[in-house]
Amino acid sequence: MQKRVVFRSRLLPYLLVLPQIAITVIFFFWPSYQALESSFFIEDAFGFSREWVGLTNYFELFKDPGYLKSFRTSLIFGISVAFLAMAISLGLAVAANRVVKAATGYRTLLIWPYAVAPALAGVIWYFLMNPSLGIVSYWLSGVGVEWNHYVNGDQALFLVIVAAAWKQVSYNFLFFLAGLQSIPKSMIEAAAIDRAGPVRRFWTIVFPLLTPTTFFLLVVNLVYAFFDTFALIHATTEGGPVDATSILVFRVYNTGFIGQDYGSSAAQSVILMGLVIAMTFVQFRYVERKVQY
Amino acid sequence: MATLNISSLGKVYPGGVTAVSDVNVGIDDGEFIVLVGPSGCGKSTILRMIAGLETITEGELQIDGRRVNELEPGDRDIAMVFQNYALYPHMSVRGNMEYGLKNEGLPKAEIAKRIAEASRTLRLEDYLDRKPRQLSGGQRQRVAMGRAIVRDPKVFLFDEPLSNLDAKLRTQLRAELKALHQRLGATFIYVTHDQVEAMSLADRIIIMNAGRVEQIGTPMDLYLRPATRFVADFIGSPAMNMFEGTVGEDRQSLVYHGAEQVHFAAELPVSAGQSVIMGVRPEHLQHAAEGQGQMDLTVGFLEQLGADTVVHGTLNGGDNVLSIRLHGVQTSAPGTRLPLTFAMENVHLFDAQNGTRLN
């Protein structure tokens, strides 16, 4: 049997890949190039003129304490979201893996939040925790916690972390559950016979065997937290109060569209692009090769 | 080192399906017990109930006189070797063997000593730092046994441990297992669907069918005096010849389709006209002189095994299949009629309805 398809025409293969190449060039390479180009210019707010400034936009960024704070916020946000979303989903997956009756229904219910748009996920939590009409903030006041994310920056950050993590739990849950189900039952039984209690079994057998899944999800969750949470933040805190929830992606938007500083906004995008490339590299390099046993 | 007492043991699943019912057996210290039967007969379920991996729904299990029904697997002082080995893939061979000992909280020196001993016995010294995926099937099997040996348990449980190996390795490991049992002197309970494995390993065999025990006995008990038709059919290869028919008026013949098929040298201990199944093993049939035969074999084809020749054919040319095992190399043309004789003590008679032994 012939394994490779051989085209008689020289043109046909190129025609076949053309749509994909066209989409990539028009929607990915071109905007990226535009961003890269703009990051070397300072443009006036109306777009009439621009001036080549080399790397000035970048130097300015790293001199700006607000930008550095944004970096820190993003890091706290990203790590918290990833940790929270993964911890909760792992717990749920372990529980779901034990369920025998109505397992499918239970799993389907847990998968639903993934179908909710990020902005809506934000709004749900926004209402739940709204200082004047939210049920959660009402409960919190009952135990003596004064909740107002309009004023308190830490609480605002906490709100967006919870909202973003909630949205991601379903996705992680699916992967963790699949990972758990691929662990042979006899291995757990062998550990039980080897006198390991349920908790010890989990940490010494199950969790190590889930390492590939965990690492994959860590990268996916960090990428999600860094780059896909703009709508959520925009719909809830709008980066505030006083930049407390202004993560890097949100700042790109703020600088460019609100501040109309296109050059700086473009430079920030380029830095983010670098981050994505780095994380993708880590994922390809380590997820596929290093984490195995 | 332990005795086991299994009384009225049964397993009924929540849906009402009965997997095992009414198993009664006492197992002596140091005995090698093999549970054998076709797939789905409940033999693995019994093993898993002994291990504590399945809850016991009926009856009682005692190890050394103490009821263990409610004990966790880890507290029963047993070790188990799984069919798929169930080695921890992220741990080295040493790690696999250490795991249970660490959980027991043994001192490091003792752990090292036991691992050194077990790995010497099993010839695993050179592989202690390898991961399971770097080992061959036979080596993995040895590691699984090593993991059980280091624990020094009261009872060793084996769940079809050799079924994933090729035939040659299986024979080799079977011998090693037998030697291991003799050296350790521990109580072994072993599950297999392979009757050859059961016959060659066991002190006593528990043969199961459809969740019930058919017979418990030494391999020779089962071979020479099978208690039921099922046991007779299951033990021995090639399988026992069985013919259904009615006992003739003289109680010395088996009548089938209105014609006498087999003539017996003595009276059968059953009444005339009764429906019975007669069984005789292929190796218990001898070639007789012309006119001296008690039944005839019409030759179909030969299986030359070197040491033996198995002749397959039919009884008197009818539709009952019949095979005999002759010593050495024999030849016989298809269609030839061979007169056969057999000794009376090698005849097995079973009730045609319920399969119980009649003689």
# chains A, B, ... in the order shown; residues from 1 in each chain; ligands from 1
$ select_by_dssp --residues "stretch 139-352 of chain B" --states "alpha helix (DSSP H)" --output "ChimeraX atom specification"
/B:139-151,167-184,195-201,219-224,229-234
$ interface_residues --of "chain A" --to "chain B" --cutoff "12 Å" --atoms "only C-alpha atoms" --output "NGL selection string"
:A and (100-101 or 183-198 or 200-201 or 204-212 or 291-293)
$ residues_around --residues "A:Ile42" --least-positions-apart "2" --cutoff "10 Å" --atoms "only C-alpha atoms" --output "PyMOL selection string"
chain A and resi 38-40+44-45+47+49-54+56-57+261-264
$ write_last_selection --atoms "N, CA and C atoms" --output "tab-separated table (two decimals), in the first residue's frame"
chain	number	residue	atom	x	y	z
A	38	SER	N	4.12	49.04	14.77
A	38	SER	CA	3.63	50.19	15.55
A	38	SER	C	4.41	50.37	16.83
A	39	SER	N	4.97	49.27	17.36
A	39	SER	CA	5.65	49.40	18.64
A	39	SER	C	6.94	50.21	18.52
A	40	PHE	N	7.38	50.44	17.28
A	40	PHE	CA	8.60	51.26	17.10
A	40	PHE	C	8.27	52.72	16.79
A	44	ASP	N	0.28	60.08	16.80
A	44	ASP	CA	-0.61	61.01	17.47
A	44	ASP	C	-1.98	60.36	17.60
A	45	ALA	N	-2.79	60.90	18.50
A	45	ALA	CA	-4.05	60.25	18.89
A	45	ALA	C	-5.02	60.08	17.74
A	47	GLY	N	-4.09	59.57	14.53
A	47	GLY	CA	-3.53	58.72	13.48
A	47	GLY	C	-3.07	59.48	12.26
A	49	SER	N	-0.14	61.32	12.02
A	49	SER	CA	1.30	61.26	11.79
A	49	SER	C	1.94	60.32	12.81
A	50	ARG	N	3.11	59.80	12.48
A	50	ARG	CA	3.83	58.99	13.45
A	50	ARG	C	5.33	59.19	13.27
A	51	GLU	N	6.01	58.88	14.33
A	51	GLU	CA	7.45	59.17	14.33
A	51	GLU	C	8.22	57.94	14.79
A	52	TRP	N	9.25	57.55	14.09
A	52	TRP	CA	10.10	56.40	14.45
A	52	TRP	C	10.85	56.72	15.73
A	53	VAL	N	10.68	55.84	16.73
A	53	VAL	CA	11.37	56.11	18.00
A	53	VAL	C	12.21	54.91	18.45
A	54	GLY	N	12.34	53.92	17.61
A	54	GLY	CA	13.13	52.75	17.98
A	54	GLY	C	12.50	52.02	19.16
A	56	THR	N	12.12	53.06	22.18
A	56	THR	CA	11.69	53.95	23.26
A	56	THR	C	10.44	53.44	23.98
A	57	ASN	N	9.45	52.98	23.19
A	57	ASN	CA	8.20	52.50	23.80
A	57	ASN	C	8.47	51.41	24.83
A	261	ASP	N	-2.70	55.48	23.27
A	261	ASP	CA	-1.25	55.48	23.08
A	261	ASP	C	-0.91	54.21	22.30
A	262	TYR	N	-1.05	54.29	20.99
A	262	TYR	CA	-0.93	53.09	20.16
A	262	TYR	C	0.45	52.46	20.22
A	263	GLY	N	1.46	53.29	20.24
A	263	GLY	CA	2.83	52.77	20.26
A	263	GLY	C	3.07	51.90	21.47
A	264	SER	N	2.71	52.42	22.65
A	264	SER	CA	2.93	51.67	23.89
A	264	SER	C	2.08	50.41	23.91
$ residues_around --residues "A:Phe71" --least-positions-apart "3" --cutoff "7 Å" --atoms "only C-alpha atoms" --output "number ranges by chain"
A: 67-68, 74-75, 247-248
$ write_last_selection --atoms "N, CA and C atoms" --output "short mmCIF file (atom, residue, chain, number, x, y, z; two decimals), in the first residue's frame"
data_model
loop_
_atom_site.label_atom_id
_atom_site.label_comp_id
_atom_site.auth_asym_id
_atom_site.auth_seq_id
_atom_site.Cartn_x
_atom_site.Cartn_y
_atom_site.Cartn_z
N TYR A 67 3.11 49.65 34.83
CA TYR A 67 3.25 48.46 33.98
C TYR A 67 3.86 47.31 34.77
N LEU A 68 4.85 47.65 35.58
CA LEU A 68 5.48 46.60 36.39
C LEU A 68 4.49 46.02 37.39
N SER A 74 -0.71 40.29 37.04
CA SER A 74 -0.94 39.18 36.11
C SER A 74 -0.42 37.88 36.68
N LEU A 75 0.77 37.98 37.30
CA LEU A 75 1.40 36.79 37.85
C LEU A 75 0.54 36.21 38.98
N ILE A 247 -4.67 43.32 34.53
CA ILE A 247 -3.63 42.39 34.09
C ILE A 247 -3.11 42.82 32.72
N LEU A 248 -2.06 42.18 32.25
CA LEU A 248 -1.36 42.66 31.05
C LEU A 248 -2.28 42.83 29.84
#
$ residues_around --residues "B:Lys154" --least-positions-apart "5" --cutoff "10 Å" --atoms "only C-alpha atoms" --output "ChimeraX atom specification"
/B:1-4,29-30,63-64,76-79,186-188
$ residues_around --residues "stretch 112-119 of chain A" --least-positions-apart "3" --cutoff "7 Å" --atoms "only C-alpha atoms" --output "compact mmCIF listing (two decimals) with N, CA, C and O atoms, in the first residue's frame"
# COMPACT_ATOMS: atom_id res chain seq x y z
N THR A 108 -22.05 15.58 33.18
CA THR A 108 -22.60 16.56 32.24
C THR A 108 -22.83 17.89 32.96
O THR A 108 -22.50 18.95 32.45
N LEU A 109 -23.39 17.80 34.17
CA LEU A 109 -23.65 19.02 34.92
C LEU A 109 -22.35 19.79 35.18
O LEU A 109 -22.32 21.01 35.10
N GLY A 122 -18.15 36.27 34.29
CA GLY A 122 -17.77 37.40 35.12
C GLY A 122 -19.01 38.06 35.71
O GLY A 122 -19.06 38.35 36.90
N VAL A 123 -20.02 38.26 34.87
CA VAL A 123 -21.22 38.97 35.32
C VAL A 123 -21.96 38.18 36.42
O VAL A 123 -22.44 38.75 37.39
N LYS A 167 -14.85 29.41 35.68
CA LYS A 167 -15.08 29.16 34.26
C LYS A 167 -14.18 28.02 33.75
O LYS A 167 -14.57 27.26 32.87
N GLN A 168 -12.99 27.90 34.33
CA GLN A 168 -12.01 26.95 33.81
C GLN A 168 -12.13 25.57 34.46
O GLN A 168 -11.56 24.61 33.96
N SER A 170 -14.47 23.36 34.58
CA SER A 170 -15.06 22.30 33.74
C SER A 170 -14.03 21.68 32.82
O SER A 170 -13.95 20.46 32.67
N TYR A 171 -13.27 22.56 32.19
CA TYR A 171 -12.26 22.10 31.23
C TYR A 171 -11.25 21.19 31.93
O TYR A 171 -10.99 20.07 31.49
N THR A 229 -8.83 36.21 29.53
CA THR A 229 -9.72 36.69 30.57
C THR A 229 -10.07 38.16 30.41
O THR A 229 -10.65 38.77 31.30
N ALA A 231 -12.34 39.68 28.51
CA ALA A 231 -13.78 39.95 28.53
C ALA A 231 -14.33 39.89 29.94
O ALA A 231 -15.16 40.71 30.34
N LEU A 232 -13.82 38.92 30.69
CA LEU A 232 -14.30 38.74 32.07
C LEU A 232 -13.98 39.98 32.91
O LEU A 232 -14.83 40.50 33.64
N ALA A 235 -15.96 43.06 31.80
CA ALA A 235 -17.37 43.06 32.18
C ALA A 235 -17.58 43.25 33.68
O ALA A 235 -18.66 43.58 34.12
$ atom_distance --atom1 "atom CA of B:Gly16" --atom2 "atom CA of B:Thr57"
11.3 Å
$ residues_around --residues "A:Ser246" --least-positions-apart "5" --cutoff "8 Å" --atoms "only C-alpha atoms" --output "list in words"
Ser70, Thr73, Ser74, Glu238, Gly239, Gly240 and Arg251 of chain A
$ write_last_selection --atoms "C-alpha atoms" --output "mmCIF file, in the first residue's frame"
data_model
loop_
_atom_site.group_PDB
_atom_site.id
_atom_site.type_symbol
_atom_site.label_atom_id
_atom_site.label_comp_id
_atom_site.auth_asym_id
_atom_site.auth_seq_id
_atom_site.Cartn_x
_atom_site.Cartn_y
_atom_site.Cartn_z
ATOM 1 C CA SER A 70 0.485 44.989 36.022
ATOM 2 C CA THR A 73 -0.939 41.472 39.139
ATOM 3 C CA SER A 74 -0.945 39.182 36.113
ATOM 4 C CA GLU A 238 -12.746 47.086 34.209
ATOM 5 C CA GLY A 239 -9.279 46.761 35.589
ATOM 6 C CA GLY A 240 -10.079 48.744 38.711
ATOM 7 C CA ARG A 251 -3.656 47.046 30.021
#
